[in-house]
Each structure stands twice: as C-alpha cells, then as structure tokens.
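target-v8.csv (CSV, C-alpha atoms)
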chain,number,residue,atom,x,y,z
U,1,MET,CA,-56.3,11.1,44.7
U,2,ARG,CA,-58.5,14.0,43.7
U,3,TRP,CA,-61.6,15.8,44.8
U,4,GLU,CA,-64.5,16.6,42.4
U,5,LYS,CA,-67.4,18.9,43.3
U,6,LEU,CA,-70.5,17.7,41.5
U,7,GLU,CA,-72.8,20.1,39.7
U,8,THR,CA,-76.0,18.0,39.6
U,9,GLN,CA,-79.1,18.3,37.5
U,10,ILE,CA,-82.8,18.1,38.3
U,11,LYS,CA,-84.8,15.2,37.0
U,12,ASN,CA,-88.6,15.2,36.5
U,13,GLY,CA,-89.7,12.1,38.3
U,14,GLY,CA,-92.9,11.9,36.2
U,15,LEU,CA,-95.0,9.0,37.5
U,16,GLU,CA,-92.2,8.2,40.0
U,17,GLY,CA,-92.5,11.5,41.9
U,18,PRO,CA,-92.2,15.3,41.7
U,19,THR,CA,-89.3,17.3,40.3
U,20,SER,CA,-86.5,17.5,42.9
U,21,GLY,CA,-83.4,19.7,43.3
U,22,GLY,CA,-81.9,17.2,45.7
U,23,PRO,CA,-82.1,17.0,49.5
U,24,GLY,CA,-80.9,20.6,50.1
U,25,LYS,CA,-79.0,21.8,53.2
U,26,ARG,CA,-78.9,19.2,55.9
U,27,TRP,CA,-76.9,17.4,58.6
U,28,GLY,CA,-77.6,14.3,60.6
U,29,HIS,CA,-78.9,12.5,57.5
U,30,SER,CA,-78.0,9.1,56.0
U,31,CYS,CA,-76.6,8.2,52.6
U,32,ASN,CA,-76.5,4.7,51.2
U,33,SER,CA,-75.6,3.4,47.8
U,34,ILE,CA,-77.4,0.4,46.2
U,35,LYS,CA,-77.1,-1.6,43.0
U,36,GLY,CA,-73.3,-1.5,43.2
U,37,GLY,CA,-73.1,2.3,43.5
U,38,ARG,CA,-75.5,3.1,40.7
U,39,PHE,CA,-78.0,4.8,43.0
U,40,MET,CA,-77.5,6.7,46.2
U,41,TYR,CA,-80.4,7.2,48.7
U,42,VAL,CA,-80.4,10.1,51.2
U,43,PHE,CA,-82.9,10.0,54.1
U,44,GLY,CA,-83.8,12.3,57.0
U,45,GLY,CA,-81.6,14.9,58.7
U,46,TYR,CA,-82.0,18.5,59.8
U,47,GLY,CA,-81.6,21.7,57.9
U,48,LYS,CA,-84.1,22.5,55.2
U,49,ASP,CA,-86.6,25.0,56.6
U,50,ASN,CA,-84.8,24.6,59.9
U,51,CYS,CA,-86.6,21.4,60.7
U,52,ARG,CA,-86.2,17.6,60.5
U,53,THR,CA,-87.4,15.6,57.6
U,54,ASN,CA,-88.4,12.1,56.6
U,55,GLN,CA,-88.0,12.6,52.9
U,56,ILE,CA,-86.2,10.2,50.5
U,57,HIS,CA,-84.0,11.6,47.7
U,58,ILE,CA,-82.3,9.5,45.1
U,59,PHE,CA,-79.1,10.4,43.2
U,60,ASP,CA,-78.5,8.6,39.9
U,61,THR,CA,-74.7,8.4,39.7
U,62,ALA,CA,-74.6,7.6,36.0
U,63,ASN,CA,-76.7,10.6,34.9
U,64,ARG,CA,-75.8,12.8,37.9
U,65,THR,CA,-79.5,13.7,38.6
U,66,TRP,CA,-81.6,14.0,41.7
U,67,SER,CA,-85.1,12.8,42.0
U,68,GLU,CA,-87.7,12.5,44.9
U,69,PRO,CA,-89.9,9.5,44.6
U,70,ALA,CA,-93.6,9.3,45.6
U,71,VAL,CA,-93.6,7.0,48.6
U,72,TYR,CA,-96.3,4.7,50.0
U,73,GLY,CA,-97.0,3.3,53.5
U,74,GLU,CA,-96.6,5.0,56.8
U,75,LYS,CA,-93.5,7.1,56.9
U,76,PRO,CA,-91.1,7.2,59.9
U,77,THR,CA,-91.2,10.2,62.2
U,78,PRO,CA,-88.9,13.0,60.9
U,79,ARG,CA,-85.5,12.5,62.5
U,80,ASP,CA,-81.7,13.0,62.5
U,81,SER,CA,-78.8,11.1,63.9
U,82,HIS,CA,-80.4,7.8,63.0
U,83,SER,CA,-78.7,4.8,61.5
U,84,CYS,CA,-79.5,3.4,58.0
U,85,THR,CA,-78.4,0.2,56.4
U,86,ALA,CA,-78.7,-1.1,52.9
U,87,VAL,CA,-79.4,-4.8,52.7
U,88,GLY,CA,-79.9,-5.8,49.1
U,89,ASP,CA,-81.9,-3.0,47.6
U,90,ASN,CA,-83.7,-2.0,50.7
U,91,LEU,CA,-83.0,0.5,53.5
U,92,PHE,CA,-83.5,-0.1,57.2
U,93,ILE,CA,-83.8,2.9,59.6
U,94,PHE,CA,-83.3,2.6,63.3
U,95,GLY,CA,-83.5,5.2,66.1
U,96,GLY,CA,-82.2,8.7,66.0
U,97,THR,CA,-84.0,11.7,67.5
U,98,ASP,CA,-87.1,13.7,66.7
U,99,GLY,CA,-85.6,16.7,68.4
U,100,ARG,CA,-87.2,16.1,71.8
U,101,ASN,CA,-86.6,12.5,72.5
U,102,PRO,CA,-84.4,9.7,71.2
U,103,LEU,CA,-86.2,6.9,69.2
U,104,LYS,CA,-86.0,3.1,69.1
U,105,ASP,CA,-88.3,2.4,66.2
U,106,LEU,CA,-87.3,0.3,63.2
U,107,HIS,CA,-88.5,1.0,59.6
U,108,ILE,CA,-87.8,-0.6,56.3
U,109,PHE,CA,-88.0,1.1,52.9
U,110,TYR,CA,-88.4,-1.1,49.9
U,111,THR,CA,-86.7,0.7,47.0
U,112,SER,CA,-88.4,-1.5,44.3
U,113,SER,CA,-91.9,-0.3,45.3
U,114,ASN,CA,-91.0,2.9,47.3
U,115,ARG,CA,-93.0,1.6,50.2
U,116,TRP,CA,-92.4,1.9,53.9
U,117,LYS,CA,-93.1,-0.9,56.4
U,118,SER,CA,-92.8,-1.0,60.2
U,119,PRO,CA,-91.9,-4.6,61.1
U,120,SER,CA,-92.7,-6.4,64.4
U,121,ILE,CA,-89.5,-7.7,66.2
U,122,ARG,CA,-88.9,-10.1,69.0
U,123,GLY,CA,-86.2,-10.2,71.6
U,124,GLU,CA,-84.3,-7.7,73.7
U,125,GLY,CA,-83.7,-4.7,71.5
U,126,PRO,CA,-81.7,-1.5,72.1
U,127,VAL,CA,-83.1,1.3,74.2
U,128,ALA,CA,-84.0,4.5,72.4
U,129,ARG,CA,-80.8,6.2,71.3
U,130,GLU,CA,-79.1,8.5,68.8
U,131,GLY,CA,-75.5,8.8,67.6
U,132,HIS,CA,-75.2,5.0,67.4
U,133,THR,CA,-73.8,3.0,64.6
U,134,ALA,CA,-75.2,0.0,62.8
U,135,VAL,CA,-73.6,-2.4,60.2
U,136,LEU,CA,-74.4,-5.6,58.4
U,137,VAL,CA,-72.3,-8.8,58.6
U,138,GLY,CA,-73.9,-11.8,56.9
U,139,LYS,CA,-77.5,-11.9,57.9
U,140,ARG,CA,-77.0,-10.0,61.2
U,141,VAL,CA,-77.1,-6.3,61.9
U,142,PHE,CA,-74.8,-5.1,64.7
U,143,ILE,CA,-75.8,-1.9,66.6
U,144,TYR,CA,-73.2,-0.3,68.8
U,145,GLY,CA,-73.1,2.6,71.2
U,146,GLY,CA,-74.8,6.0,71.0
U,147,CYS,CA,-76.4,8.2,73.7
U,148,SER,CA,-79.9,8.7,75.2
U,149,LYS,CA,-81.6,10.5,78.1
U,150,SER,CA,-81.3,9.4,81.7
U,151,SER,CA,-84.4,8.0,83.3
U,152,ASN,CA,-85.2,11.4,84.8
U,153,SER,CA,-83.9,13.4,81.8
U,154,SER,CA,-81.4,15.2,83.9
U,155,HIS,CA,-78.4,14.2,81.8
U,156,GLU,CA,-77.3,12.1,78.7
U,157,GLU,CA,-76.3,8.5,79.1
U,158,TYR,CA,-73.7,7.0,76.8
U,159,TYR,CA,-73.5,3.3,75.8
U,160,ASN,CA,-70.9,0.8,74.7
U,161,ASP,CA,-73.4,-2.1,74.4
U,162,LEU,CA,-73.8,-4.2,71.3
U,163,TYR,CA,-77.1,-5.6,69.9
U,164,ILE,CA,-77.5,-8.1,67.1
U,165,LEU,CA,-80.6,-8.4,64.9
U,166,ASN,CA,-81.0,-11.6,62.9
U,167,THR,CA,-82.6,-10.5,59.6
U,168,GLU,CA,-84.1,-14.0,59.0
U,169,THR,CA,-85.7,-14.6,62.4
U,170,PHE,CA,-86.1,-10.9,63.3
U,171,VAL,CA,-85.0,-11.5,66.8
U,172,TRP,CA,-82.9,-9.0,68.8
U,173,LYS,CA,-80.2,-10.2,71.1
U,174,ARG,CA,-77.9,-8.3,73.4
U,175,ALA,CA,-74.4,-9.6,72.7
U,176,GLU,CA,-72.1,-10.8,75.5
U,177,THR,CA,-68.7,-9.7,74.4
U,178,SER,CA,-65.2,-10.1,75.9
U,179,GLY,CA,-61.8,-8.6,75.4
U,180,ALA,CA,-61.1,-4.8,75.3
U,181,PRO,CA,-64.2,-3.0,74.2
U,182,PRO,CA,-64.3,0.7,73.4
U,183,SER,CA,-65.4,3.1,76.1
U,184,LYS,CA,-69.0,4.4,76.2
U,185,ARG,CA,-69.4,6.9,73.4
U,186,ASP,CA,-71.4,8.4,70.6
U,187,SER,CA,-70.5,10.3,67.4
U,188,HIS,CA,-68.1,7.5,66.5
U,189,THR,CA,-68.0,5.5,63.3
U,190,CYS,CA,-68.3,1.8,62.8
U,191,SER,CA,-67.3,0.0,59.6
U,192,VAL,CA,-67.1,-3.5,58.4
U,193,TRP,CA,-64.1,-5.3,56.9
U,194,LYS,CA,-64.5,-9.0,56.3
U,195,ASN,CA,-66.2,-10.3,59.5
U,196,LYS,CA,-64.9,-7.6,61.7
U,197,LEU,CA,-66.4,-4.4,63.1
U,198,ILE,CA,-64.0,-1.4,63.2
U,199,VAL,CA,-65.0,1.4,65.7
U,200,ILE,CA,-63.1,4.7,65.4
U,201,GLY,CA,-63.1,7.8,67.6
U,202,GLY,CA,-66.2,9.6,69.0
U,203,LEU,CA,-67.0,11.5,72.2
U,204,ASP,CA,-67.1,9.6,75.4
U,205,LEU,CA,-69.2,10.0,78.5
U,206,ASP,CA,-66.4,12.1,80.2
U,207,GLY,CA,-66.4,14.6,77.3
U,208,PHE,CA,-63.1,13.4,75.8
U,209,TYR,CA,-62.6,13.1,72.1
U,210,GLN,CA,-61.2,9.8,70.9
U,211,SER,CA,-59.1,8.6,68.0
U,212,ASP,CA,-58.7,5.0,69.1
U,213,VAL,CA,-59.5,2.0,66.9
U,214,HIS,CA,-61.2,-1.1,68.3
U,215,ILE,CA,-62.0,-4.2,66.3
U,216,LEU,CA,-64.7,-6.8,67.1
U,217,ASP,CA,-64.5,-10.3,65.6
U,218,THR,CA,-68.2,-11.0,64.9
U,219,ASP,CA,-67.7,-14.8,65.1
U,220,SER,CA,-66.0,-14.9,68.6
U,221,LEU,CA,-67.5,-11.6,69.8
U,222,VAL,CA,-64.0,-10.6,71.2
U,223,TRP,CA,-62.9,-7.0,71.2
U,224,GLU,CA,-59.3,-6.0,70.5
U,225,LYS,CA,-57.7,-2.5,70.5
U,226,LEU,CA,-55.7,-2.0,67.3
U,227,ASN,CA,-52.1,-0.7,67.8
U,228,THR,CA,-51.8,2.0,65.1
U,229,SER,CA,-48.8,3.7,63.6
U,230,GLY,CA,-47.9,6.3,60.9
U,231,GLN,CA,-49.6,9.7,60.6
U,232,LEU,CA,-52.0,9.2,63.4
U,233,LEU,CA,-55.6,10.4,63.3
U,234,PRO,CA,-56.2,13.4,65.6
U,235,PRO,CA,-59.0,12.8,68.1
U,236,ARG,CA,-62.5,13.7,66.8
U,237,ALA,CA,-66.2,13.1,66.7
U,238,GLY,CA,-68.9,13.6,64.1
U,239,HIS,CA,-66.7,12.3,61.3
U,240,ILE,CA,-67.5,9.8,58.6
U,241,ALA,CA,-65.7,6.6,57.7
U,242,VAL,CA,-66.0,4.7,54.4
U,243,VAL,CA,-64.3,1.3,53.6
U,244,LEU,CA,-62.8,0.6,50.3
U,245,GLY,CA,-61.1,-2.8,50.2
U,246,LYS,CA,-58.6,-3.0,53.1
U,247,ASN,CA,-58.5,0.8,53.3
U,248,LEU,CA,-60.7,2.8,55.6
U,249,PHE,CA,-61.1,6.5,54.8
U,250,VAL,CA,-62.0,9.0,57.6
U,251,PHE,CA,-63.1,12.5,56.6
U,252,GLY,CA,-64.0,15.6,58.7
U,253,GLY,CA,-65.5,15.8,62.2
U,254,PHE,CA,-64.6,18.1,65.0
U,255,TRP,CA,-62.6,18.3,68.2
U,256,ASP,CA,-64.1,21.4,69.9
U,257,ASP,CA,-65.8,24.6,69.0
U,258,GLN,CA,-62.7,25.9,67.3
U,259,ASN,CA,-61.5,22.8,65.5
U,260,VAL,CA,-63.6,21.4,62.7
U,261,PHE,CA,-61.8,19.2,60.2
U,262,ASP,CA,-61.6,19.0,56.4
U,263,ASP,CA,-58.8,16.4,56.4
U,264,VAL,CA,-58.8,12.9,55.1
U,265,HIS,CA,-56.9,10.0,56.7
U,266,MET,CA,-56.6,6.5,55.4
U,267,LEU,CA,-56.2,3.4,57.7
U,268,ASP,CA,-54.7,0.2,56.3
U,269,VAL,CA,-56.7,-2.2,58.4
U,270,GLU,CA,-54.3,-5.1,57.8
U,271,THR,CA,-51.2,-3.2,59.1
U,272,GLY,CA,-52.8,-0.6,61.4
U,273,CYS,CA,-50.9,2.2,59.6
U,274,TRP,CA,-52.5,5.6,59.2
U,275,THR,CA,-51.7,7.9,56.2
U,276,LYS,CA,-52.8,11.5,55.9
U,277,VAL,CA,-54.2,11.8,52.4
U,278,THR,CA,-53.3,14.7,50.1
U,279,ALA,CA,-55.8,15.1,47.3
U,280,THR,CA,-55.8,17.5,44.4
U,281,GLY,CA,-58.8,19.6,43.3
U,282,GLU,CA,-61.4,21.6,45.2
U,283,GLY,CA,-62.3,19.7,48.3
U,284,PRO,CA,-65.1,20.1,50.8
U,285,SER,CA,-64.9,22.8,53.5
U,286,ALA,CA,-64.4,21.7,57.2
U,287,ARG,CA,-67.6,20.0,58.5
U,288,PHE,CA,-69.1,17.4,60.7
U,289,SER,CA,-72.3,15.3,60.7
U,290,MET,CA,-72.1,14.7,57.0
U,291,ALA,CA,-73.0,11.5,55.1
U,292,GLY,CA,-71.0,9.3,52.7
U,293,ASP,CA,-70.6,5.9,51.1
U,294,SER,CA,-68.6,4.0,48.5
U,295,LEU,CA,-69.9,4.0,44.9
U,296,ASP,CA,-67.7,1.0,44.0
U,297,PRO,CA,-67.9,-1.0,41.7
U,298,CYS,CA,-70.1,1.0,39.4
U,299,ASN,CA,-67.8,4.0,40.0
U,300,ARG,CA,-64.5,2.3,40.6
U,301,GLY,CA,-62.6,3.6,43.6
U,302,VAL,CA,-65.0,6.5,44.2
U,303,LEU,CA,-66.3,7.7,47.6
U,304,VAL,CA,-69.2,10.2,47.9
U,305,PHE,CA,-69.8,12.8,50.6
U,306,VAL,CA,-73.1,14.8,51.1
U,307,GLY,CA,-73.9,17.8,53.2
U,308,GLY,CA,-73.0,18.3,56.8
U,309,CYS,CA,-72.7,21.2,59.3
U,310,ASP,CA,-70.0,23.8,59.3
U,311,LYS,CA,-68.2,25.6,62.1
U,312,ASN,CA,-70.9,28.3,62.3
U,313,LEU,CA,-73.6,25.6,62.8
U,314,GLU,CA,-74.9,26.2,59.3
U,315,ALA,CA,-76.2,23.2,57.3
U,316,LEU,CA,-74.5,22.5,53.9
U,317,ASP,CA,-75.9,21.1,50.6
U,318,ASP,CA,-72.9,20.3,48.5
U,319,LEU,CA,-71.9,16.9,47.0
U,320,TYR,CA,-68.3,15.7,46.5
U,321,TYR,CA,-66.6,12.7,45.0
U,322,LEU,CA,-63.2,11.6,46.3
U,323,ILE,CA,-61.6,9.7,43.4
U,324,THR,CA,-59.1,7.4,45.2
U,325,GLY,CA,-57.7,5.6,42.2
U,326,ILE,CA,-57.8,2.4,44.3
U,327,LEU,CA,-59.1,-0.6,42.3
U,328,ILE,CA,-60.3,-3.6,44.3
U,329,GLU,CA,-60.8,-7.0,42.9
U,330,PRO,CA,-64.4,-7.8,42.0
U,331,GLU,CA,-64.6,-10.6,44.5
U,332,ARG,CA,-67.4,-11.6,46.9
U,333,ASP,CA,-68.4,-8.9,49.3
U,334,ASP,CA,-67.0,-10.4,52.6
U,335,ARG,CA,-68.9,-7.8,54.6
U,336,ARG,CA,-72.2,-9.5,53.7
U,337,ILE,CA,-71.2,-13.1,53.4
U,338,GLU,CA,-71.0,-14.8,56.8
U,339,LYS,CA,-68.9,-18.0,56.8
U,340,LEU,CA,-71.5,-20.3,58.5
U,341,SER,CA,-72.4,-23.7,57.3
U,342,LEU,CA,-76.0,-24.5,56.6
U,343,ARG,CA,-76.1,-26.7,59.7
U,344,LYS,CA,-74.8,-23.9,61.9
U,345,GLN,CA,-77.3,-21.5,60.4
U,346,LEU,CA,-80.1,-23.8,61.1
U,347,LYS,CA,-79.0,-24.3,64.7
U,348,GLN,CA,-78.7,-20.6,65.2
U,349,LYS,CA,-82.1,-20.0,63.8
U,350,CYS,CA,-83.7,-22.7,66.0
U,351,GLN,CA,-82.0,-21.2,69.1
U,352,GLU,CA,-83.3,-17.7,68.4
U,353,GLN,CA,-86.8,-18.9,67.6
U,354,GLN,CA,-87.0,-20.3,71.1
U,355,THR,CA,-86.4,-16.8,72.6
U,356,VAL,CA,-89.4,-15.6,74.5
U,357,ALA,CA,-89.7,-11.9,74.4
U,358,PRO,CA,-92.3,-9.1,74.1
U,359,MET,CA,-93.4,-7.8,70.7
U,360,TYR,CA,-93.1,-4.2,69.8
U,361,ASP,CA,-93.5,-2.2,66.6
U,362,ARG,CA,-92.6,1.4,67.4
U,363,ALA,CA,-91.0,3.4,70.1
U,364,GLU,CA,-93.2,5.2,72.6
U,365,THR,CA,-92.0,8.7,73.3
U,366,ASN,CA,-92.8,11.4,75.8
U,367,TYR,CA,-92.4,14.7,74.1
U,368,GLN,CA,-90.3,17.1,76.2
U,369,PRO,CA,-88.3,20.1,75.3
U,370,ARG,CA,-84.8,19.4,74.0
U,371,ARG,CA,-82.0,21.7,72.9
U,372,GLN,CA,-81.8,22.3,69.2
U,373,ASN,CA,-78.1,23.0,69.0
U,374,PRO,CA,-76.8,20.7,66.2
U,375,ARG,CA,-73.4,20.6,67.8
U,376,GLY,CA,-74.6,17.6,69.9
U,377,LYS,CA,-76.0,15.8,66.9
U,378,PHE,CA,-74.1,13.9,64.3
U,379,LEU,CA,-74.6,11.6,61.4
U,380,PHE,CA,-74.2,7.9,62.1
U,381,GLN,CA,-74.7,5.5,59.2
U,382,ALA,CA,-75.8,2.1,59.7
U,383,LYS,CA,-77.4,-0.5,57.8
U,384,ILE,CA,-80.5,-2.5,58.9
U,385,ASN,CA,-82.7,-5.0,57.0
U,386,ILE,CA,-86.0,-6.4,58.2
U,387,PRO,CA,-88.9,-8.0,56.2
U,388,GLU,CA,-92.3,-6.6,55.7
U,389,ASP,CA,-94.1,-8.8,58.1
U,390,ARG,CA,-93.9,-12.3,59.6
U,391,ALA,CA,-96.2,-13.8,57.1
U,392,SER,CA,-94.3,-12.8,54.0
U,393,VAL,CA,-90.8,-13.0,55.3
U,394,VAL,CA,-89.6,-16.1,53.4
U,395,GLN,CA,-90.9,-14.9,50.1
U,396,GLU,CA,-89.5,-11.4,50.4
U,397,HIS,CA,-86.1,-12.6,51.7
U,398,SER,CA,-85.7,-15.2,48.9
U,399,ARG,CA,-86.6,-12.6,46.3
U,400,LEU,CA,-84.0,-10.2,47.7
U,401,ILE,CA,-81.3,-12.8,47.6
U,402,GLN,CA,-82.1,-13.7,43.9
U,403,ARG,CA,-82.1,-10.1,42.9
U,404,SER,CA,-79.0,-9.1,44.8
U,405,PRO,CA,-76.2,-11.7,44.5
U,406,GLY,CA,-73.8,-11.4,47.4
U,407,ALA,CA,-76.1,-9.0,49.3
U,408,MET,CA,-76.7,-11.5,52.1

Will you turn the file into structure tokens for me?
Amino acid sequence: MRWEKLETQIKNGGLEGPTSGGPGKRWGHSCNSIKGGRFMYVFGGYGKDNCRTNQIHIFDTANRTWSEPAVYGEKPTPRDSHSCTAVGDNLFIFGGTDGRNPLKDLHIFYTSSNRWKSPSIRGEGPVAREGHTAVLVGKRVFIYGGCSKSSNSSHEEYYNDLYILNTETFVWKRAETSGAPPSKRDSHTCSVWKNKLIVIGGLDLDGFYQSDVHILDTDSLVWEKLNTSGQLLPPRAGHIAVVLGKNLFVFGGFWDDQNVFDDVHMLDVETGCWTKVTATGEGPSARFSMAGDSLDPCNRGVLVFVGGCDKNLEALDDLYYLITGILIEPERDDRRIEKLSLRKQLKQKCQEQQTVAPMYDRAETNYQPRRQNPRGKFLFQAKINIPEDRASVVQEHSRLIQRSPGAM
C-alpha cells in the first residue's frame, strides 16, 4: 500500500459556479463520493476564516480539480460534526452543531440540480445531537449515538440509541434492539458491511476512549461484541473508518491531548483480525476530525482523506489518497440492497404509514454561548436520503433508482 499527496488544480465553474481552490482548511466536515467514486462532495465544517460553513465543494477525481457550484434553495445552517449520507446521487445532512447548540434538522442536496430541500418527516426522530453516525442499509438510514446538551445545559449527554429512517415513507422510528450494545458515546465511527453496522471506538460518557468493535444485524436488530485479534487498534476517538470489501480501514484520531494518531489499521470483518498497515510514500500528519471515503470502483482500491485538525488545534487543508491495491469484485453493493421480498416491503410500508406522529421540518434552537475548542468536535460521516416533498416522492425516488443502479 502507498500514500499519495494530491496536488490539485482549480477549475472555473463557468455557468455552474465560481472558481474555487477547494474547501480550504477545515475539520468536522463531511466527504462523500458519488457516481462510483468519480466525484467527491465536501460539505460544512469549521476552519476557514475561523468559522463554520455550509458550502459545497466538488472534487473531480478524474481531472483532479476542485469546483464550487452555484446552489439553489434554502441552505442549511453552517455547521460541523454533522452526518452526511450519499443515497444515489444525492446528499442528506442530519444534525451537527452551529457552535452554540446541537441541531436535529434534516436537509437534502440534489446534486443533479444543485438544489437544497428541507423535507417534512413523520415519527419519533432523534433529539438534537452532534458526533453521531449515520449509514444506509437498503432503503433505511440508521443513526447511532452522539452527544447533546442536558436539559439545563449543565453538562453533555451521551447516547447509544438507534433511530431508523425509512427513505420511502419518510417515517422515523426508534429501534428496539437486543444483545450487547456499545456504551453511550460520541466521536466513534459506524460503517456498513453487507447488512451489518460496525461501530468502532469513540469517547464514552465516563471520559474513557474505546477501541471495541460492536456489530448490529440490521434484520434482527441484535447487537454483538466482536472478539478481535492480531495487532489490536489502540483506543481512540475522532478517527475515520472506510470500508473496502470485507476490510475496514481506520485512520487517525486521538487518545488525549498528547496522543494524536497518524496510523492506519485494517480490520478483516469476517475474521475479526486487526493488522497495522505499513504504507510507503508521504502520508498525512497526525490528525483527528478529518473526512474520508472510498473512491472504488472508478479508482480501484483507492481511499481518500481530506483535512482535519492537528495536535495544535489547527485546521488542515491537504488531500491524500491511500492506494490499497485491494481489488474487490464488481458485484452488487450489499450495503445498499436489503434482502426483503416485495411482500415484506409492502407490509413494512403499511405498518409505518399507520404511525401517528407530529410533523416537523427543522430544529428549533435556543442560542446560548458554547465553547469553541475543536477538541470536543469531530467528524462523523453518515449518509441520509429523503425526497423533496411528500407530493413528488414517488417520482423522485423512481428516477433516482433508474439513474443509480444498486443505489437503493
């Protein structure tokens, strides 16, 4: 395996948007690849001009150029430590923090039209939070963990709850799980392999850094702690995890004020064996709260990492490829294909449509002072998909399926 530091170019967006030199220095942002890794979208984060942003930047992996599109619709509040999920060619943003309060709003960005929408959702959704994770399995988005303020804002509350959003009916549901769930935490990672969620590490409510691995079967909703072996992952938070086939790569993070990591560890999800990766080339410096994703299959076996925060609490603006050399078979993407018969899907849809719950579009926030120290903020990627509105849902969803085979 080898590292490659990218020297990118600036692209004049013309009618699509202004000239852009990329997202610049930032941490707590999100990074999602679409169209099989051809394009990478970076949203939000903190760093440029020492403030949060709600800008979108696009990286063309074929030409290695950045652009910033002109966008339409009402933008989300500038934020960091949110979750972002790519479903088909669209991006879905949930939660995060505006620097004073955690958020619980949900926004969708349609990359084909560069338009933002704020959908209306039914059911019991998550409370406002940051540092959570969100992933897509089939047509359902799973949101796990994170932290928020207590009711009197005297301390932070940590969560180990699990919420499910059905992206066809747009109904939230709090999941009732069994087994051995992870402890309450934030700054963890959550990844998807086949129909399973894989939660790794993070910082728990007692202030302990974790390196444990928990797996949730999304069909039975049973948690199981994975017994791992090999070159074990040291405890950490604020790291990034990217899945490539059966291999899950963990990069960076921190343990305490003096221990910020620049290492890469690989977990074989089938065997539970950890391997510390030795890669050639110039690799990234130690950091946390960075963003990353897989660029496979357009860039076979390539992972990308963007920005982050260093030991001195300074935001970073570099871009690296980790060329793994791992080639996976071009099969169906099991992360996004849920093995439910049409009859079961219809039954599930009918049950959720019977849910009676209040409607809400956006989070209400009471602005109060909040510490600006980025040490307590980290990047948590997630992936969320919601249609433009109830009236146009079927059309939009069908169009996305036709354009993005295997995306749902």

Query raised in the report: Mind listing as a list in words all residues within 10 Å of (-92.4, 10.6, 60.1), counting only C-alpha atoms?
Result: Gly44, Arg52, Thr53, Asn54, Gln55, Glu74, Lys75, Pro76, Thr77, Pro78, Arg79 and Asp98 of chain U

Report task. Would you mind listing what lies within 12 Å of Glu329 in chain U as a list in words, with all atoms listed in the file counted and same-chain residues fewer than 6 positions away left out? Result ->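 Listed by chain and then number, they are Leu244, Gly245, Lys246, Asp296, Pro297, Arg300 and Gly301 of chain U.
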
Requested in this report: Please provide the set of residues having any atom within 7 Å of range 324-326 of chain U, restricted to all atoms listed in the file, with same-chain residues fewer than 2 positions apart removed, written as a PyMOL selection string.
Outcome: chain U and resi 1-2+301-302+322+328

**Report entry** Selected residue, from U:Phe109, U:Tyr163, U:Tyr46, U:Trp193, that lies nearest to Val137 in chain U when counting all atoms listed in the file
**Finding:**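 Looking only at the distances to Val137 in chain U, the closest residue turns out to be U:Trp193.
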
Requested in this report: Write out as a list in words which residues come within 7 Å of range 305-311 of chain U when counting all atoms listed in the file, dropping same-chain ones fewer than 3 positions away.
Outcome: Lys25, Arg26, Trp27, Val260, Ala286, Arg287, Phe288, Ser289, Met290, Ala291, Gly292, Asp293, Glu314, Ala315, Leu316, Asp317, Asp318, Leu319, Tyr320 and Tyr321 of chain U

Requested in this report: Figure out the distance between CA of Trp66 in chain U and CA of Cys298 in chain U, please, to one decimal in Å.
Outcome: 17.5 Å

Requested in this report: Could you please determine the separation between CA of Pro284 in chain U and CA of Pro69 in chain U in Å, to one decimal place?
Outcome: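 Computing it gives 27.7 Å between the two atoms.
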
Query raised in the report: Taking (-82.3, -10.7, 61.7) in the file's coordinates, which residues come within 8 Å, counting all atoms listed in the file, written as a list in words?
Result: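 Within the cut-off we find Lys139, Arg140, Val141, Ile164, Leu165, Asn166, Thr167, Glu168, Thr169, Phe170, Val171, Trp172, Asn385 and Ile386 of chain U.
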
Got time to write the residues from that selection, C-alpha atoms, as an mmCIF file, in the coordinates of the input?
data_model
loop_
_atom_site.group_PDB
_atom_site.id
_atom_site.type_symbol
_atom_site.label_atom_id
_atom_site.label_comp_id
_atom_site.auth_asym_id
_atom_site.auth_seq_id
_atom_site.Cartn_x
_atom_site.Cartn_y
_atom_site.Cartn_z
ATOM 1 C CA LYS U 139 -77.500 -11.900 57.900
ATOM 2 C CA ARG U 140 -77.000 -10.000 61.200
ATOM 3 C CA VAL U 141 -77.100 -6.300 61.900
ATOM 4 C CA ILE U 164 -77.500 -8.100 67.100
ATOM 5 C CA LEU U 165 -80.600 -8.400 64.900
ATOM 6 C CA ASN U 166 -81.000 -11.600 62.900
ATOM 7 C CA THR U 167 -82.600 -10.500 59.600
ATOM 8 C CA GLU U 168 -84.100 -14.000 59.000
ATOM 9 C CA THR U 169 -85.700 -14.600 62.400
ATOM 10 C CA PHE U 170 -86.100 -10.900 63.300
ATOM 11 C CA VAL U 171 -85.000 -11.500 66.800
ATOM 12 C CA TRP U 172 -82.900 -9.000 68.800
ATOM 13 C CA ASN U 385 -82.700 -5.000 57.000
ATOM 14 C CA ILE U 386 -86.000 -6.400 58.200
#

Report task. For CA of Ala237 in chain U and CA of Phe251 in chain U, quote the distance in Å rounded to one decimal. Result ->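 That distance, rounded to one decimal, is 10.6 Å.
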